[in-house]
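A.B. asks: Quick one: the structure is below, and I'll ask about it shortly.
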Amino acid sequence: MKKQISIDVFSDTICPWCYIGYTKLNESLIDLKNLNFDIIWRPFQLNPDMPLEGIDRKSYLTSKFGNKENADLIYKRIEDEGKLNNIFFQFSNIKKTPNSFFSHKLLAYAHRKRKQTQVLETLFYQYFIEGSDIGDLQTLIQIAKDTKIYDKNIKNYIISNKDNENLLNEEKQAREIGVNGVPCFIFNKELVVNGAQPKEKFVQIINSLNNYV
């Protein structure tokens, strides 16, 4: 029987470094076929006070970084890192920075369907490449259909209060243990690794844990 390692990842669906970290982690797991992994993507909102309808992208960047020049410098670095990982960010396609809570609810629903990773990848692609508004309910419904998790209950679930407190508590607990940025990877509920680490670093960490599983 293969040994199992758990990986809890706190991330946000509108975080480009989370997309990069997701890709690097996936690449590392390809080389570790002798192990089973229980991966759960957990919610962490970078903008918990974002209006439900989101805000204009240009206004968001100005308020966050001060001016367009500062934002351009930061996102150029992200674009360059993305290309090294076969992610070709299309930031110019993004017209609105959304509230990401509904997308986290979709991920919670996808976890029950055992398709959380597939849905997360689709959310990243739709937002960072296609520029889709992943805070929009109809966009999320279409993603659910595209990833084959759609059923008649999903719309009501997303807009209901069900699981809201649990998801918000997960994020609260993360902040209480010192998580203040994402992505954050927690291996076997004990080893905390911050940031989009190189593939080789993930492999090293997992191999070290394997010796003690």
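Each chain in the structure tokens gets a letter, A, B, ..., in the order shown, and its residues are numbered from 1; ligands are numbered from 1 in order too.
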Could you pull the residues within 12 Å of Thr117 (chain A), counting only C-alpha atoms, minus those fewer than 5 positions along the same chain, as a PyMOL selection string?

C.D. replies: chain A and resi 9+13+19+22-23+25-26+38-42+106-112+122-124+147

A.B. asks: Those selected residues, please, written with N, CA and C atoms and delivered as a compact mmCIF listing (two decimals), in the first residue's frame.

C.D. replies:
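Here's the written file out_29.txt:
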# COMPACT_ATOMS: atom_id res chain seq x y z
N VAL A 9 -3.69 23.41 1.43
CA VAL A 9 -3.17 24.61 0.77
C VAL A 9 -4.16 25.76 0.96
N THR A 13 -8.37 32.36 -5.20
CA THR A 13 -8.56 32.13 -6.63
C THR A 13 -8.18 33.33 -7.48
N TYR A 19 -1.65 30.48 -8.41
CA TYR A 19 -1.68 29.75 -9.68
C TYR A 19 -0.31 29.16 -9.97
N TYR A 22 0.39 26.39 -7.44
CA TYR A 22 -0.41 25.22 -7.83
C TYR A 22 0.32 24.42 -8.92
N THR A 23 0.83 25.13 -9.91
CA THR A 23 1.52 24.48 -11.03
C THR A 23 2.81 23.81 -10.58
N LEU A 25 3.56 22.74 -7.55
CA LEU A 25 3.24 21.57 -6.72
C LEU A 25 2.86 20.39 -7.60
N ASN A 26 2.01 20.63 -8.60
CA ASN A 26 1.60 19.56 -9.50
C ASN A 26 2.80 18.91 -10.18
N ASP A 38 -3.38 13.47 -0.27
CA ASP A 38 -4.70 14.00 0.05
C ASP A 38 -4.56 15.52 0.08
N ILE A 39 -4.96 16.16 -1.02
CA ILE A 39 -4.77 17.60 -1.17
C ILE A 39 -6.12 18.31 -1.00
N ILE A 40 -6.15 19.28 -0.11
CA ILE A 40 -7.35 20.08 0.09
C ILE A 40 -6.98 21.56 -0.08
N TRP A 41 -7.72 22.22 -0.97
CA TRP A 41 -7.51 23.65 -1.22
C TRP A 41 -8.45 24.42 -0.31
N ARG A 42 -7.87 25.19 0.59
CA ARG A 42 -8.66 25.87 1.62
C ARG A 42 -8.72 27.37 1.34
N LEU A 106 -17.69 27.38 -4.41
CA LEU A 106 -17.68 26.40 -5.51
C LEU A 106 -16.61 25.34 -5.25
N LEU A 107 -15.47 25.74 -4.75
CA LEU A 107 -14.41 24.79 -4.44
C LEU A 107 -14.81 23.85 -3.30
N ALA A 108 -15.54 24.37 -2.33
CA ALA A 108 -16.03 23.51 -1.25
C ALA A 108 -17.00 22.47 -1.81
N TYR A 109 -17.83 22.90 -2.72
CA TYR A 109 -18.78 21.98 -3.37
C TYR A 109 -18.01 20.94 -4.20
N ALA A 110 -17.00 21.41 -4.90
CA ALA A 110 -16.20 20.52 -5.74
C ALA A 110 -15.46 19.48 -4.91
N HIS A 111 -15.08 19.85 -3.68
CA HIS A 111 -14.39 18.90 -2.81
C HIS A 111 -15.27 17.69 -2.53
N ARG A 112 -16.55 17.93 -2.32
CA ARG A 112 -17.48 16.83 -2.07
C ARG A 112 -17.60 15.92 -3.29
N THR A 122 -9.52 25.34 -13.36
CA THR A 122 -10.42 26.03 -14.28
C THR A 122 -10.68 27.46 -13.83
N LEU A 123 -10.86 27.66 -12.52
CA LEU A 123 -11.03 29.01 -11.99
C LEU A 123 -9.82 29.88 -12.30
N PHE A 124 -8.63 29.35 -12.06
CA PHE A 124 -7.40 30.10 -12.36
C PHE A 124 -7.35 30.46 -13.85
N THR A 147 -16.78 21.45 -15.67
CA THR A 147 -15.99 20.48 -14.89
C THR A 147 -16.83 19.30 -14.40

A.B. asks: Pick out the residues sitting within 10 Å of Lys2 (chain A), and hand them over as a PyMOL selection string; count only C-alpha atoms, and ignore anything fewer than 3 positions along from it in its own chain.

C.D. replies: chain A and resi 5+33-37

A.B. asks: Keeping only C-alpha atoms, write the selected residues to a file as a PDB file, in the first residue's frame.

C.D. replies:
ATOM      1  CA  ILE A   5       0.774  12.533   2.714  1.00  0.00           C
ATOM      2  CA  LYS A  33       4.216   8.291  -7.890  1.00  0.00           C
ATOM      3  CA  ASN A  34       5.147   6.020  -4.989  1.00  0.00           C
ATOM      4  CA  LEU A  35       2.976   8.118  -2.677  1.00  0.00           C
ATOM      5  CA  ASN A  36      -0.689   9.016  -2.343  1.00  0.00           C
ATOM      6  CA  PHE A  37      -1.624  12.619  -1.668  1.00  0.00           C
TER       7      PHE A  37
END

A.B. asks: Please return, as a PDB file with C-alpha atoms, in the first residue's frame, all residues of region 5-183 of chain A that DSSP assigns to alpha helix (DSSP H) on the basis of the backbone.

C.D. replies:
ATOM      1  CA  PRO A  16      -1.453  34.836  -9.364  1.00  0.00           C
ATOM      2  CA  TRP A  17       1.229  33.404  -7.067  1.00  0.00           C
ATOM      3  CA  CYS A  18      -1.282  30.745  -6.022  1.00  0.00           C
ATOM      4  CA  TYR A  19      -1.683  29.748  -9.676  1.00  0.00           C
ATOM      5  CA  ILE A  20       2.090  29.500  -9.980  1.00  0.00           C
ATOM      6  CA  GLY A  21       2.357  27.568  -6.703  1.00  0.00           C
ATOM      7  CA  TYR A  22      -0.405  25.216  -7.830  1.00  0.00           C
ATOM      8  CA  THR A  23       1.522  24.481 -11.033  1.00  0.00           C
ATOM      9  CA  LYS A  24       4.829  23.911  -9.247  1.00  0.00           C
ATOM     10  CA  LEU A  25       3.241  21.571  -6.720  1.00  0.00           C
ATOM     11  CA  ASN A  26       1.604  19.556  -9.505  1.00  0.00           C
ATOM     12  CA  GLU A  27       4.926  19.208 -11.289  1.00  0.00           C
ATOM     13  CA  SER A  28       6.598  17.959  -8.134  1.00  0.00           C
ATOM     14  CA  LEU A  29       3.947  15.282  -7.563  1.00  0.00           C
ATOM     15  CA  ILE A  30       4.575  13.767 -10.992  1.00  0.00           C
ATOM     16  CA  ARG A  57      -9.553  46.491 -12.062  1.00  0.00           C
ATOM     17  CA  LYS A  58      -7.759  49.785 -12.701  1.00  0.00           C
ATOM     18  CA  SER A  59      -9.230  51.322  -9.542  1.00  0.00           C
ATOM     19  CA  TYR A  60      -8.199  48.259  -7.556  1.00  0.00           C
ATOM     20  CA  LEU A  61      -4.594  48.372  -8.762  1.00  0.00           C
ATOM     21  CA  THR A  62      -4.312  52.102  -8.066  1.00  0.00           C
ATOM     22  CA  SER A  63      -5.624  51.693  -4.516  1.00  0.00           C
ATOM     23  CA  LYS A  64      -3.388  48.681  -3.850  1.00  0.00           C
ATOM     24  CA  PHE A  65      -0.123  49.818  -5.445  1.00  0.00           C
ATOM     25  CA  LYS A  68      -0.059  52.169 -12.638  1.00  0.00           C
ATOM     26  CA  GLU A  69       3.740  52.191 -12.851  1.00  0.00           C
ATOM     27  CA  ASN A  70       4.140  50.340  -9.548  1.00  0.00           C
ATOM     28  CA  ALA A  71       1.490  47.817 -10.546  1.00  0.00           C
ATOM     29  CA  ASP A  72       3.129  47.254 -13.935  1.00  0.00           C
ATOM     30  CA  LEU A  73       6.490  46.489 -12.311  1.00  0.00           C
ATOM     31  CA  ILE A  74       4.973  43.962  -9.924  1.00  0.00           C
ATOM     32  CA  TYR A  75       2.879  42.230 -12.560  1.00  0.00           C
ATOM     33  CA  LYS A  76       5.773  42.113 -15.021  1.00  0.00           C
ATOM     34  CA  ARG A  77       7.665  40.003 -12.482  1.00  0.00           C
ATOM     35  CA  ILE A  78       4.632  37.739 -12.104  1.00  0.00           C
ATOM     36  CA  GLU A  79       4.284  37.419 -15.892  1.00  0.00           C
ATOM     37  CA  ASP A  80       7.938  36.427 -16.217  1.00  0.00           C
ATOM     38  CA  GLU A  81       7.647  33.816 -13.464  1.00  0.00           C
ATOM     39  CA  GLY A  82       4.440  32.531 -15.014  1.00  0.00           C
ATOM     40  CA  LYS A  83       6.113  31.957 -18.379  1.00  0.00           C
ATOM     41  CA  LEU A  84       8.774  29.841 -16.674  1.00  0.00           C
ATOM     42  CA  PHE A 101     -15.931  34.153  -1.710  1.00  0.00           C
ATOM     43  CA  PHE A 102     -18.414  32.530  -4.110  1.00  0.00           C
ATOM     44  CA  SER A 103     -15.532  30.853  -5.936  1.00  0.00           C
ATOM     45  CA  HIS A 104     -14.365  29.381  -2.622  1.00  0.00           C
ATOM     46  CA  LYS A 105     -17.858  28.030  -2.077  1.00  0.00           C
ATOM     47  CA  LEU A 106     -17.679  26.403  -5.506  1.00  0.00           C
ATOM     48  CA  LEU A 107     -14.409  24.786  -4.436  1.00  0.00           C
ATOM     49  CA  ALA A 108     -16.027  23.512  -1.247  1.00  0.00           C
ATOM     50  CA  TYR A 109     -18.779  21.978  -3.368  1.00  0.00           C
ATOM     51  CA  ALA A 110     -16.202  20.517  -5.737  1.00  0.00           C
ATOM     52  CA  HIS A 111     -14.386  18.899  -2.813  1.00  0.00           C
ATOM     53  CA  ARG A 112     -17.481  16.825  -2.072  1.00  0.00           C
ATOM     54  CA  GLN A 116     -11.605  20.248  -6.305  1.00  0.00           C
ATOM     55  CA  THR A 117      -8.245  20.417  -8.081  1.00  0.00           C
ATOM     56  CA  GLN A 118      -9.855  20.360 -11.524  1.00  0.00           C
ATOM     57  CA  VAL A 119     -12.262  23.141 -10.562  1.00  0.00           C
ATOM     58  CA  LEU A 120      -9.447  25.217  -9.051  1.00  0.00           C
ATOM     59  CA  GLU A 121      -7.405  24.962 -12.235  1.00  0.00           C
ATOM     60  CA  THR A 122     -10.420  26.031 -14.278  1.00  0.00           C
ATOM     61  CA  LEU A 123     -11.032  29.014 -11.990  1.00  0.00           C
ATOM     62  CA  PHE A 124      -7.404  30.099 -12.362  1.00  0.00           C
ATOM     63  CA  TYR A 125      -7.515  29.724 -16.136  1.00  0.00           C
ATOM     64  CA  GLN A 126     -10.818  31.529 -16.527  1.00  0.00           C
ATOM     65  CA  TYR A 127      -9.674  34.459 -14.414  1.00  0.00           C
ATOM     66  CA  PHE A 128      -6.031  34.893 -15.331  1.00  0.00           C
ATOM     67  CA  LEU A 137     -22.737  33.484 -10.218  1.00  0.00           C
ATOM     68  CA  GLN A 138     -23.421  32.582 -13.851  1.00  0.00           C
ATOM     69  CA  THR A 139     -19.692  32.305 -14.556  1.00  0.00           C
ATOM     70  CA  LEU A 140     -19.346  29.891 -11.649  1.00  0.00           C
ATOM     71  CA  ILE A 141     -22.354  27.869 -12.823  1.00  0.00           C
ATOM     72  CA  GLN A 142     -20.721  27.519 -16.235  1.00  0.00           C
ATOM     73  CA  ILE A 143     -17.461  26.395 -14.628  1.00  0.00           C
ATOM     74  CA  ALA A 144     -19.435  23.806 -12.664  1.00  0.00           C
ATOM     75  CA  LYS A 145     -20.917  22.537 -15.921  1.00  0.00           C
ATOM     76  CA  ASP A 146     -17.558  22.510 -17.704  1.00  0.00           C
ATOM     77  CA  ILE A 154     -25.358  24.124  -6.791  1.00  0.00           C
ATOM     78  CA  LYS A 155     -26.786  27.590  -7.474  1.00  0.00           C
ATOM     79  CA  ASN A 156     -28.744  27.679  -4.225  1.00  0.00           C
ATOM     80  CA  TYR A 157     -25.737  26.357  -2.340  1.00  0.00           C
ATOM     81  CA  ILE A 158     -23.429  29.099  -3.596  1.00  0.00           C
ATOM     82  CA  ILE A 159     -25.794  31.938  -2.715  1.00  0.00           C
ATOM     83  CA  ASN A 164     -20.212  30.187   5.071  1.00  0.00           C
ATOM     84  CA  GLU A 165     -19.303  30.138   8.742  1.00  0.00           C
ATOM     85  CA  ASN A 166     -17.106  27.057   8.293  1.00  0.00           C
ATOM     86  CA  LEU A 167     -15.217  28.606   5.385  1.00  0.00           C
ATOM     87  CA  LEU A 168     -14.725  31.902   7.188  1.00  0.00           C
ATOM     88  CA  ASN A 169     -13.533  30.045  10.283  1.00  0.00           C
ATOM     89  CA  GLU A 170     -10.959  28.148   8.214  1.00  0.00           C
ATOM     90  CA  GLU A 171      -9.533  31.444   7.062  1.00  0.00           C
ATOM     91  CA  LYS A 172      -9.682  32.888  10.574  1.00  0.00           C
ATOM     92  CA  GLN A 173      -7.824  29.887  11.979  1.00  0.00           C
ATOM     93  CA  ALA A 174      -5.196  30.219   9.257  1.00  0.00           C
ATOM     94  CA  ARG A 175      -4.560  33.830  10.224  1.00  0.00           C
ATOM     95  CA  GLU A 176      -4.408  32.857  13.903  1.00  0.00           C
TER      96      GLU A 176
END

A.B. asks: Could you work out how far CA of Val192 (chain A) lies from CA of Ile129 (chain A), giving the answer in Å with one decimal?

C.D. replies: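 For CA of Ile129 (chain A) relative to CA of Val192 (chain A), the distance reads 29.4 Å.
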
A.B. asks: DSSP on the backbone: what in region 50-197 of chain A comes out strand (DSSP E or B), as a VMD selection string?

C.D. replies: chain A and resid 55 to 56 96 to 97 184 to 187 191 to 194

A.B. asks: Hey, can you spit out that residue selection with N, CA and C atoms as a PDB file, in the first residue's frame?

C.D. replies:
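Produced file again.pdb, reproduced below:
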ATOM      1  N   ILE A  55     -14.748  45.274  -7.934  1.00  0.00           N
ATOM      2  CA  ILE A  55     -14.477  46.661  -8.312  1.00  0.00           C
ATOM      3  C   ILE A  55     -13.686  46.692  -9.608  1.00  0.00           C
ATOM      4  N   ASP A  56     -13.732  47.824 -10.266  1.00  0.00           N
ATOM      5  CA  ASP A  56     -12.988  48.022 -11.506  1.00  0.00           C
ATOM      6  C   ASP A  56     -11.509  47.707 -11.290  1.00  0.00           C
ATOM      7  N   LYS A  96     -12.301  43.436 -14.068  1.00  0.00           N
ATOM      8  CA  LYS A  96     -12.831  43.606 -12.722  1.00  0.00           C
ATOM      9  C   LYS A  96     -12.102  42.684 -11.760  1.00  0.00           C
ATOM     10  N   THR A  97     -11.756  43.209 -10.593  1.00  0.00           N
ATOM     11  CA  THR A  97     -11.248  42.351  -9.517  1.00  0.00           C
ATOM     12  C   THR A  97     -12.449  41.897  -8.694  1.00  0.00           C
ATOM     13  N   CYS A 184       0.002  29.070   0.910  1.00  0.00           N
ATOM     14  CA  CYS A 184       0.630  28.502   2.100  1.00  0.00           C
ATOM     15  C   CYS A 184       0.311  27.013   2.129  1.00  0.00           C
ATOM     16  N   PHE A 185       1.342  26.196   2.163  1.00  0.00           N
ATOM     17  CA  PHE A 185       1.197  24.740   2.099  1.00  0.00           C
ATOM     18  C   PHE A 185       1.491  24.143   3.471  1.00  0.00           C
ATOM     19  N   ILE A 186       0.588  23.304   3.947  1.00  0.00           N
ATOM     20  CA  ILE A 186       0.800  22.632   5.237  1.00  0.00           C
ATOM     21  C   ILE A 186       0.832  21.126   4.984  1.00  0.00           C
ATOM     22  N   PHE A 187       1.990  20.543   5.211  1.00  0.00           N
ATOM     23  CA  PHE A 187       2.203  19.124   4.945  1.00  0.00           C
ATOM     24  C   PHE A 187       1.975  18.318   6.214  1.00  0.00           C
ATOM     25  N   LEU A 191       4.007  20.700   8.958  1.00  0.00           N
ATOM     26  CA  LEU A 191       5.090  21.465   8.333  1.00  0.00           C
ATOM     27  C   LEU A 191       4.502  22.545   7.428  1.00  0.00           C
ATOM     28  N   VAL A 192       4.759  23.811   7.771  1.00  0.00           N
ATOM     29  CA  VAL A 192       4.192  24.945   7.042  1.00  0.00           C
ATOM     30  C   VAL A 192       5.234  25.516   6.084  1.00  0.00           C
ATOM     31  N   VAL A 193       4.849  25.640   4.830  1.00  0.00           N
ATOM     32  CA  VAL A 193       5.745  26.172   3.795  1.00  0.00           C
ATOM     33  C   VAL A 193       5.021  27.307   3.076  1.00  0.00           C
ATOM     34  N   ASN A 194       5.619  28.481   3.114  1.00  0.00           N
ATOM     35  CA  ASN A 194       4.992  29.650   2.499  1.00  0.00           C
ATOM     36  C   ASN A 194       5.553  29.921   1.109  1.00  0.00           C
TER      37      ASN A 194
END

A.B. asks: At what distance in Å, to one decimal, does CA of Lys3 (chain A) lie from CA of Lys189 (chain A)?

C.D. replies: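 Taking CA of Lys189 (chain A) as the start and CA of Lys3 (chain A) as the end point, the length is 15.4 Å.
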
A.B. asks: By how many Å are CA of Ile94 (chain A) and CA of Glu53 (chain A) apart?

C.D. replies: 14.4 Å
